[in-house]
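Data first, discussion second: the structure below is written as structure tokens.
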Amino acid sequence: MPRLKVSVVVPVYNTGKYIDECAPSLLKQSLPSDEYEVIYVDDGSTDDTLGRLEKIAAAHSNVQVHTRPNSGWPGAPRNLAMRHARGEYIQFVDHDDMLGPEALERLYEHAKRNDADVVLGKMSSTMVRPRRVFRHTVDACTIENVELMQSMTPHKMFRRAFIEEHGLRFPEGPWFLEDMLFVGAAYLKAERISVLADYPCYYWLKRDDGGNNTQHRFDPRFGFWRNVRTVVRQIKDGTEASNDLDALQNRLLHRNYHVEVLSRAREPEILRADPAEQRQRFAAAGEVAREEFPAAVREGLPAVSRLRAEFLESGDFDGAVALAERVREVRAHSEVGRLRWEDGCLVADIELSLLHGDGEPLVLVERDGKQWLDPELLAGVPGTEGGWEVRDPFRLAYAELIVKDRDREDWWYPEGDLEIRPEPFGQGRSRLVASGQLRVDPQRLAGGQPLPRGPHEVWAFVQVLGIDRLIRVTGDGALGSPAAGPALTGGRLALPYWTVGKGQLTVDLDQRLRHLGPDTAEAAAVNTARGRRSLPLPYVAAGPADTPVPVKVTVSSLSVKAEVVPAADGATAELRLPARLKLPSGRHPVTLPRTAAPVAYAVVRDGALLRVEGPAHETGTGRRLLDAVADNRQVRRVQRVRRRLSR
């Protein structure tokens with residue numbers, strides 16, 4: 001029997017139907033079934049979960065099922081599963097999530113190639129926004145790469161010998177942040193950590209019944225704040241203290257301060273929760289902030305976050321609420337330049353900025369040689385009458401473009417970065433804008449591979465001054481209208497358009513939602529010359545000029561290998577068919593994959609291709625080539641004569 005490469009650990013409790021939805025993704029991996037095992041541990045379920053598991057195990061020899069009395073939390077089941085694991089690596093999976101079909105094979109190969117203790121596989125999620133840690137594949141890094149702190153869930157691959165060497169275990173029983181304690185310890189101990197970002201390995205999905213939502217986080221019985229302290233002290237014990245704002249310990253603690261603590265003082269939470277309940281959380285968070293976090297962590301925050309922290313640590317709940325109400329009105333705005341196809345990419349200049357609710361830009365004000373937050377943002381916020389200084393406008397600021405595969409919840413990062421820069425706005429004011437170029441490459445965007453069929457939405461994320469927004473990239477085009485000309489990329493049609501509801505820039509691959517329109521197809525006839533065995537098409541073949549792009553077309557019922565050759569004008573391409581076609585003499589419709597309407601007609605005689613004609617030549621459509629020749633008076637005169645003769 002081959003050595004087991006991976007043990008997949010799945011804790012379950014009253015999972016019901018979600019077991020049957022998750023199981024196929026675990027059992028149909030590209031890794032051979034005799035090279036990995038799936039270990040389910042049932043934590044005392046009271047529904048039919050155990051019966052479902054036993055049925056799965058009976059049908060698959062690489063599945064184990066273990067049971068234990070209910071502990072109420074996933075830590076104990078995971079620990080039990082680790083004791084039974086035989087794989088070289090352990091991959092943790094929750095019972096209501098899924099793995100990509102090649103996840104185990106790719107993760108294991110990446111781990112072995114880099115001799116990694118921990119491997120983070122790209123996560124796609126309906127629970128959280130995309131994380132920068134998965135922007136690029138990383139062969140090897142350590143905890144010094146603080147972007148690792150963006151991914152603290154246990155859904156990763158760990159070397160089993162590494163787990164045993166350091167005695168890593170999950171806390172058992174009710175223990176919020178149990179995954180953070182385990183993963184944090186692993187990060188601190190690991191000598192080599194790898195990131196696999198070019199393939200969606202893990203799908204972290206929100207259940208339709210809300211069963212994976214944390215509903216009792218702040219219940220005193222579960223000790224949330226006690227656990228936060230434990231996690232923070234683990235980091236402090238494993239790193240060196242320093243007053244330097246950018247020291248490793250302070251950079252690592254920033255994540256805990258921002259997410260677990262400061263969120264109690266910011267929108268939307270402070271405005272959404274019951275005020276009496278939120279005051280208690282606010283007070284508890286302030287106590288933890290003052291007692292557990294070095295001052296350098298707070299001082300290292302961007303301007304608006306530092307003001308929130310000031311309210312939190314001073315206990316000023318009303319000030320924090322007033323600030324949250326003002327910041328809530330701030331929105332991000334995108335401006336998109338002319339969209340065009342260049343070297344196989346959909347390209348446009350783009351600019352992002354922050355606006356107040358009334359549409360006016362969020363600005364910085366220069367006074368006495370210093371920069372200050374926009375007075376409009378602070379209007380009505382107690383304690384800020386003298387203003388709030390912005391010590392470093394670019395502190396932790398960044399912006400990026402993201403493309404979302406709408407059908408699969410996968411997020412991809414186009415090449416290139418956005419630059420954040422100040423822009424003068426008159427009267428000693430300036431605004432911060434993020435600008436750069438959008439470049440969507442349908443052939444390589446998905447981890448170096450072509451984007452799959454379907455709609456792909458363009459989003460942007462901007463974080464400036466401690467205000468962050470994830471927004472849809474929209475433009476001035478009419479809702480539902482094309483955003484740029486269609487392109488043939490690798491033999492597939494790419495159709496950019498503005499969505500009907502939100503006006504969001506989207507690219508549809510292989511015509512799942514959008515289709516090559518008859519107006520586009522018919523326009524090909526205008527440039528068709530008699531006797532040509534190729535046809536100029538009014539859409540771009542995304543690629544260098546004069547470089548043929550292979551494409552499969554259907555001529556009548558015959559599948560044919562053809563070529564599309566981009567023209568030097570960058571706006572058209574020529575469809576070339578083989579000189580010989582095994583078809584009867586006559587005119588035969590030519591269609592691209594998933595294109596219902598013909599894009600051309602092939603005229604064949606005795607098996608030889610005589611010419612390729614545009615669709616406007618089609619007999620019986622009521623629209624011929626003469627109709628497509630715009631303002632020719634002689635043509636219109638001939639048409640009038642024909643109409644009189646036909647009466």
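Naming works like this for the structure tokens: A, B, ... for the chains as they're shown, residue 1 at the start of each chain, ligands 1 onward in shown order.
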
Polymer residues at most 8 Å from Leu509 of chain A, only C-alpha atoms, same-chain spacing of 4 or more positions, as a ChimeraX atom specification: /A:451-456,492-495

For Ala57 of chain A, please output as a list of chain:residue names all residues within 12 Å (counting only C-alpha atoms; exclusion window: fewer than 2 positions along the same chain). A:Ala23, A:Leu27, A:Glu37, A:Val38, A:Ile39, A:Tyr40, A:Leu50, A:Gly51, A:Arg52, A:Leu53, A:Glu54, A:Lys55, A:Ala59, A:His60, A:Ser61, A:Asn62, A:Val63, A:Gln64, A:Val65, A:His66

Excluding same-chain residues fewer than 4 positions from Gln91 of chain A, what lies within 8 Å of it counting only C-alpha atoms, as a list in words? Val6, Ser7, Val8, Val9, His155, Lys156, Met157 and Phe158 of chain A

So which one's closest to Gly475 of chain A, A:Thr489, A:Ser45, A:Ser334, A:Asn114? Using only C-alpha atoms, please.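 For Gly475 of chain A, the nearest of the given residues is A:Ser334.
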
Fewer than 5 positions away in the same chain doesn't count, so skip those; otherwise give me all residues within 9 Å of segment 249-259 of chain A, counting only C-alpha atoms, as number ranges by chain. A: 143-144, 146-147, 149-150, 228, 231-232, 235-236, 238-244, 264, 289, 293-294, 296-298, 300-301, 305

So, with only C-alpha atoms as the atoms that count, which of A:Trp459, A:Trp341, A:Trp411, A:Tyr398 lies closest to Ala487 of chain A?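 For Ala487 of chain A, the nearest of the candidates is A:Trp341.
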
DSSP says strand (DSSP E) for which residues of segment 289-396 of chain A? Put them as a PyMOL selection string? chain A and resi 331-336+340-342+345-355+363-367+370-373
